[in-house]
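Below is one structure, written out as structure tokens; comments come after it.
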Amino acid sequence: MDYERLFQTRPLLPKFGEIALSSLIIALISGIALIPGFQSPSEPFRSVSQIVNSGFFGHFIHSCHSYAGDLFLIAVFFHVLEYLLKKSYLSYHWKAWLWLVGLMSVSLFVVFSGFLTIGSVESLDASSILKNILFAFGSVGKSAANFLLLSSERGSVLTILVHHAGTFTVLTVILVYVHLKRFKPDVYAFYYAFILISLLAVAIPAKLGIMPGANAEVVKGPWYFRGLQEMLSWMPVRIAGAALPGFVILIFALLPVTQKKHLILLRALFFVFSFYLAETLIATFLRGEGWQLTGF
Amino acid sequence: MNGKEYKQSRRSALKIITGFIIGLFVYLTGRFTERFLPERRKLSIPVSGIRRGINVTDAIFILKTENAVKVLSRTCPHLGCKLAYSPQKRIIRCPCHGSRFEPNGKYLSGPAKKDLKSFDYQINSDQLQIEI
Ligand code: FES
């Protein structure tokens with residue numbers, strides 16, 4: 001199939017890479033505007049609720065930040081898909097490609113760390129899950145967990161907030177610059193992302209999640225990690241939380257190295273993705289109270 | 001050794017040194033963060049406020065039967081989610097991956113594979129004191 005044309009003939013739709021960059025910039029600007037409202041890292045949910053309930057602007061900025069993160073991930077996903085279908089990785093030196101694999105992973109973390117700062121039941125449980133997955137790696141994992149989430153032991157999101165706004169954001173910006181050698185998006189793509197995000201923010205306010213302390217009967221993580229959540233409910237932690245994600249990163253990293261066998265790797269990626277999508281759909285639509293399958 | 005070889009060997013030596021410095025930095029950062037881990041939390045709950053059956057607090061379940069009190073962790077032994085008690089089903093369930101426990105903390109099903117952790121407690125002048 002002529003994938004080149006598939007990605008060239010898209011009337012009105014800007015390039016996915018440009019949408020990703022635009023969303024990142026919108027997330028950065030809205031994130032800066034949110035800083036004064038985030039009054040207390042030890043009561044994050046109250047802080048975020050106060051921002052949202054402070055009036056139209058507060059709710060608008062919070063929703064813009066949240067949707068910009070989502071759109072960033074979606075655009076990165078299609079941008080990566082485009083790279084894979086067009087086999088663009090073949091023209092990369094493996095070291096340059098590794099930077100891109102790094103950017104892909106950091107992109108996921110910059111958005112996920114934002115989710116962890118909300119302090120809702122979903123966000124607090126996601127922090128515990130991340131911490132315990134890291135603990136499965138022994139003392140190195142423990143150090144990593146402390147490094148990322150130390151203040152959560154005291155019920156504060158301060159550590160992950162600093163990593164979200166500082167470490168991961170700076171890393172993302174640097175890696176984007178290494179990738180593009182610029183940080184200015186295409187103007188059309190920027191307005192496209194801006195209007196889409198603004199309309200969504202006005203029409204459907206971003207959800208905050210369940211209030212902490214509630215006796216939540218079912219807790220679902222962010223959409224991009226639902227598949228992982230479902231896998232963790234029936235697979236050993238080391239396989240679902242470590243081996244499989246590690247395997248996917250390894251396949252990505254090896255793509256430009258295995259010039260002749262790259263199609264096998266692509267098929268493996270497609271298989272893993274289909275499986276993950278199926279798990280995501282099960283977690284989203286078929287899991288009910290007590291994480292039991294509903295409708296069965 | 002000609003000039004090119006010298007440059008190459010110097011570059012690989014520098015790479016090894018950089019790798020070592022990064023490794024040392026990561027290790028020391030890990031050790032450094034450990035110093036800031038909080039001590040165990042002390043909870044104090046008025047005994048008169050504890051009802052018969054399961055009492056749900058933010059961090060623990062208190063199970064009061066006719067002649068005993070049992071204090072159980074509300075943290076799932078699988079990956080740490082906060083457990084919920086379902087009074088209709090008389091069961092403790094994990095909302096994240098579906099582990100199930102009896103009200104006395106015994107493991108029933110799901111990925112947790114362990115009973116709930118129980119805590120020792122002391123009663124001092126109408127206060128149930130627990131260290132978690
Ligand atoms: S955290 Fe409770 S079953 Fe996974």
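Residue numbers start at 1 in each chain; chains themselves are named A, B, ... in the order of the structure tokens; ligands are numbered from 1 in the order shown.
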List all protein, DNA and RNA residues that have an atom no more than 7 Å from any atom of ligand 1, counting only C-alpha atoms and all ligand atoms, and report them as a PDB file with N, CA, C and O atoms, in the first residue's frame.
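For reference, selection.pdb as written:
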```pdb
ATOM      1  N   ILE A 129       0.454   2.355  42.142  1.00  0.00           N
ATOM      2  CA  ILE A 129       0.755   1.277  41.187  1.00  0.00           C
ATOM      3  C   ILE A 129       2.136   1.483  40.581  1.00  0.00           C
ATOM      4  O   ILE A 129       2.955   0.559  40.529  1.00  0.00           O
ATOM      5  N   LEU A 232      -2.439  -5.887  34.197  1.00  0.00           N
ATOM      6  CA  LEU A 232      -1.980  -6.115  35.575  1.00  0.00           C
ATOM      7  C   LEU A 232      -2.992  -6.914  36.393  1.00  0.00           C
ATOM      8  O   LEU A 232      -2.637  -7.490  37.415  1.00  0.00           O
ATOM      9  N   SER A 233      -4.259  -6.941  35.932  1.00  0.00           N
ATOM     10  CA  SER A 233      -5.255  -7.676  36.708  1.00  0.00           C
ATOM     11  C   SER A 233      -5.146  -9.183  36.486  1.00  0.00           C
ATOM     12  O   SER A 233      -5.735  -9.954  37.232  1.00  0.00           O
TER      13      SER A 233
ATOM     14  N   CYS B  76      -4.022  -2.301  49.169  1.00  0.00           N
ATOM     15  CA  CYS B  76      -4.051  -3.612  48.517  1.00  0.00           C
ATOM     16  C   CYS B  76      -2.638  -4.197  48.455  1.00  0.00           C
ATOM     17  O   CYS B  76      -1.697  -3.514  48.040  1.00  0.00           O
ATOM     18  N   PRO B  77      -2.476  -5.478  48.857  1.00  0.00           N
ATOM     19  CA  PRO B  77      -1.132  -6.069  48.827  1.00  0.00           C
ATOM     20  C   PRO B  77      -0.602  -6.300  47.407  1.00  0.00           C
ATOM     21  O   PRO B  77       0.570  -6.618  47.246  1.00  0.00           O
ATOM     22  N   HIS B  78      -1.453  -6.140  46.400  1.00  0.00           N
ATOM     23  CA  HIS B  78      -0.980  -6.326  45.018  1.00  0.00           C
ATOM     24  C   HIS B  78      -0.124  -5.122  44.603  1.00  0.00           C
ATOM     25  O   HIS B  78       1.101  -5.237  44.590  1.00  0.00           O
ATOM     26  N   LEU B  79      -0.754  -3.981  44.320  1.00  0.00           N
ATOM     27  CA  LEU B  79       0.022  -2.812  43.884  1.00  0.00           C
ATOM     28  C   LEU B  79      -0.351  -1.542  44.630  1.00  0.00           C
ATOM     29  O   LEU B  79      -0.097  -0.438  44.145  1.00  0.00           O
ATOM     30  N   GLY B  80      -0.974  -1.710  45.783  1.00  0.00           N
ATOM     31  CA  GLY B  80      -1.139  -0.549  46.669  1.00  0.00           C
ATOM     32  C   GLY B  80      -2.375   0.314  46.492  1.00  0.00           C
ATOM     33  O   GLY B  80      -2.419   1.415  47.046  1.00  0.00           O
ATOM     34  N   CYS B  81      -3.360  -0.099  45.711  1.00  0.00           N
ATOM     35  CA  CYS B  81      -4.570   0.726  45.580  1.00  0.00           C
ATOM     36  C   CYS B  81      -5.340   0.725  46.898  1.00  0.00           C
ATOM     37  O   CYS B  81      -5.174  -0.164  47.721  1.00  0.00           O
ATOM     38  N   CYS B  94     -10.751  -4.703  45.673  1.00  0.00           N
ATOM     39  CA  CYS B  94      -9.825  -3.709  45.140  1.00  0.00           C
ATOM     40  C   CYS B  94     -10.422  -3.126  43.857  1.00  0.00           C
ATOM     41  O   CYS B  94     -10.751  -3.872  42.933  1.00  0.00           O
ATOM     42  N   PRO B  95     -10.560  -1.809  43.797  1.00  0.00           N
ATOM     43  CA  PRO B  95     -11.184  -1.200  42.614  1.00  0.00           C
ATOM     44  C   PRO B  95     -10.263  -1.147  41.395  1.00  0.00           C
ATOM     45  O   PRO B  95     -10.713  -0.840  40.304  1.00  0.00           O
ATOM     46  N   CYS B  96      -8.962  -1.461  41.596  1.00  0.00           N
ATOM     47  CA  CYS B  96      -8.012  -1.318  40.480  1.00  0.00           C
ATOM     48  C   CYS B  96      -7.874  -2.578  39.624  1.00  0.00           C
ATOM     49  O   CYS B  96      -7.855  -2.503  38.401  1.00  0.00           O
ATOM     50  N   HIS B  97      -7.736  -3.741  40.287  1.00  0.00           N
ATOM     51  CA  HIS B  97      -7.556  -4.972  39.505  1.00  0.00           C
ATOM     52  C   HIS B  97      -8.401  -6.123  40.028  1.00  0.00           C
ATOM     53  O   HIS B  97      -8.198  -7.271  39.642  1.00  0.00           O
ATOM     54  N   GLY B  98      -9.300  -5.837  40.963  1.00  0.00           N
ATOM     55  CA  GLY B  98     -10.311  -6.818  41.347  1.00  0.00           C
ATOM     56  C   GLY B  98      -9.951  -7.863  42.391  1.00  0.00           C
ATOM     57  O   GLY B  98     -10.655  -8.870  42.492  1.00  0.00           O
ATOM     58  N   SER B  99      -8.908  -7.680  43.188  1.00  0.00           N
ATOM     59  CA  SER B  99      -8.660  -8.646  44.261  1.00  0.00           C
ATOM     60  C   SER B  99      -9.781  -8.564  45.288  1.00  0.00           C
ATOM     61  O   SER B  99     -10.355  -7.491  45.497  1.00  0.00           O
ATOM     62  N   GLY B 110      -8.173 -12.996  42.959  1.00  0.00           N
ATOM     63  CA  GLY B 110      -7.552 -11.836  42.289  1.00  0.00           C
ATOM     64  C   GLY B 110      -6.043 -11.862  42.357  1.00  0.00           C
ATOM     65  O   GLY B 110      -5.451 -12.793  42.918  1.00  0.00           O
ATOM     66  N   PRO B 111      -5.403 -10.847  41.759  1.00  0.00           N
ATOM     67  CA  PRO B 111      -3.940 -10.891  41.622  1.00  0.00           C
ATOM     68  C   PRO B 111      -3.151 -10.651  42.914  1.00  0.00           C
ATOM     69  O   PRO B 111      -1.944 -10.868  42.925  1.00  0.00           O
ATOM     70  N   ALA B 112      -3.803 -10.211  44.003  1.00  0.00           N
ATOM     71  CA  ALA B 112      -3.045  -9.880  45.229  1.00  0.00           C
ATOM     72  C   ALA B 112      -2.369 -11.110  45.844  1.00  0.00           C
ATOM     73  O   ALA B 112      -1.229 -11.041  46.307  1.00  0.00           O
TER      74      ALA B 112
END
```
Counting only C-alpha atoms, which residues from chain B have an atom at most 12 Å from any atom of chain A, and could you show them as a VMD selection string?
-> chain B and resid 23 25 to 41 55 to 61 74 to 87 89 91 to 101 109 to 113 132
Which residues, written as a ChimeraX atom specification, have at least one atom at most 6 Å from Leu63 (chain B), with only C-alpha atoms counted and residues fewer than 6 positions away on the same chain left out?
-> /B:53-54,69-70
So which residues touch Ser47 (chain A) within 9 Å, counting only C-alpha atoms, skipping near sequence neighbours fewer than 4 positions away, as a ChimeraX atom specification?
-> /A:37-41,43,51-52,118
For Ala75 (chain A), list every protein, DNA or RNA residue within 8 Å, evaluated using only C-alpha atoms, and leave out those in the same chain fewer than 2 positions away; present the list as an MDAnalysis selection string.
-> chainID A and resid 16:17 19:20 71:73 77:79
Take the residues just selected and output them with C-alpha atoms as a PDB file, in the first residue's frame.
```
ATOM      1  CA  PHE A  16       0.660  15.126  13.156  1.00  0.00           C
ATOM      2  CA  GLY A  17       4.131  16.182  14.250  1.00  0.00           C
ATOM      3  CA  ILE A  19      -0.134  19.151  15.942  1.00  0.00           C
ATOM      4  CA  ALA A  20       1.948  17.433  18.634  1.00  0.00           C
ATOM      5  CA  LEU A  71      -4.034  15.761  22.016  1.00  0.00           C
ATOM      6  CA  PHE A  72      -0.244  15.787  22.346  1.00  0.00           C
ATOM      7  CA  LEU A  73      -0.217  12.039  23.029  1.00  0.00           C
ATOM      8  CA  PHE A  77       0.940   8.301  18.378  1.00  0.00           C
ATOM      9  CA  PHE A  78      -0.137   9.049  14.784  1.00  0.00           C
ATOM     10  CA  HIS A  79       3.189  10.714  14.069  1.00  0.00           C
TER      11      HIS A  79
END
```
What is the distance between CA of Leu255 (chain A) and CA of Leu171 (chain A), in Å to one decimal?
-> 23.1 Å
What gap, in Å, lies between CA of Ile197 (chain A) and CA of Cys64 (chain A)?
->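 Separating CA of Ile197 (chain A) from CA of Cys64 (chain A) is a distance of 5.9 Å.
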Run DSSP on the backbone and grab whatever in chain B lands in helix (DSSP H, G or I); send it over as an NGL selection string.
-> :B and (3-34 or 47-49)
Strand (DSSP E) residues, from DSSP on the backbone, in chain B, as a ChimeraX atom specification | /B:42-46,53-56,60-64,69-73,84-86,91-93,100-101,107-109,118-119,121-124,127-131
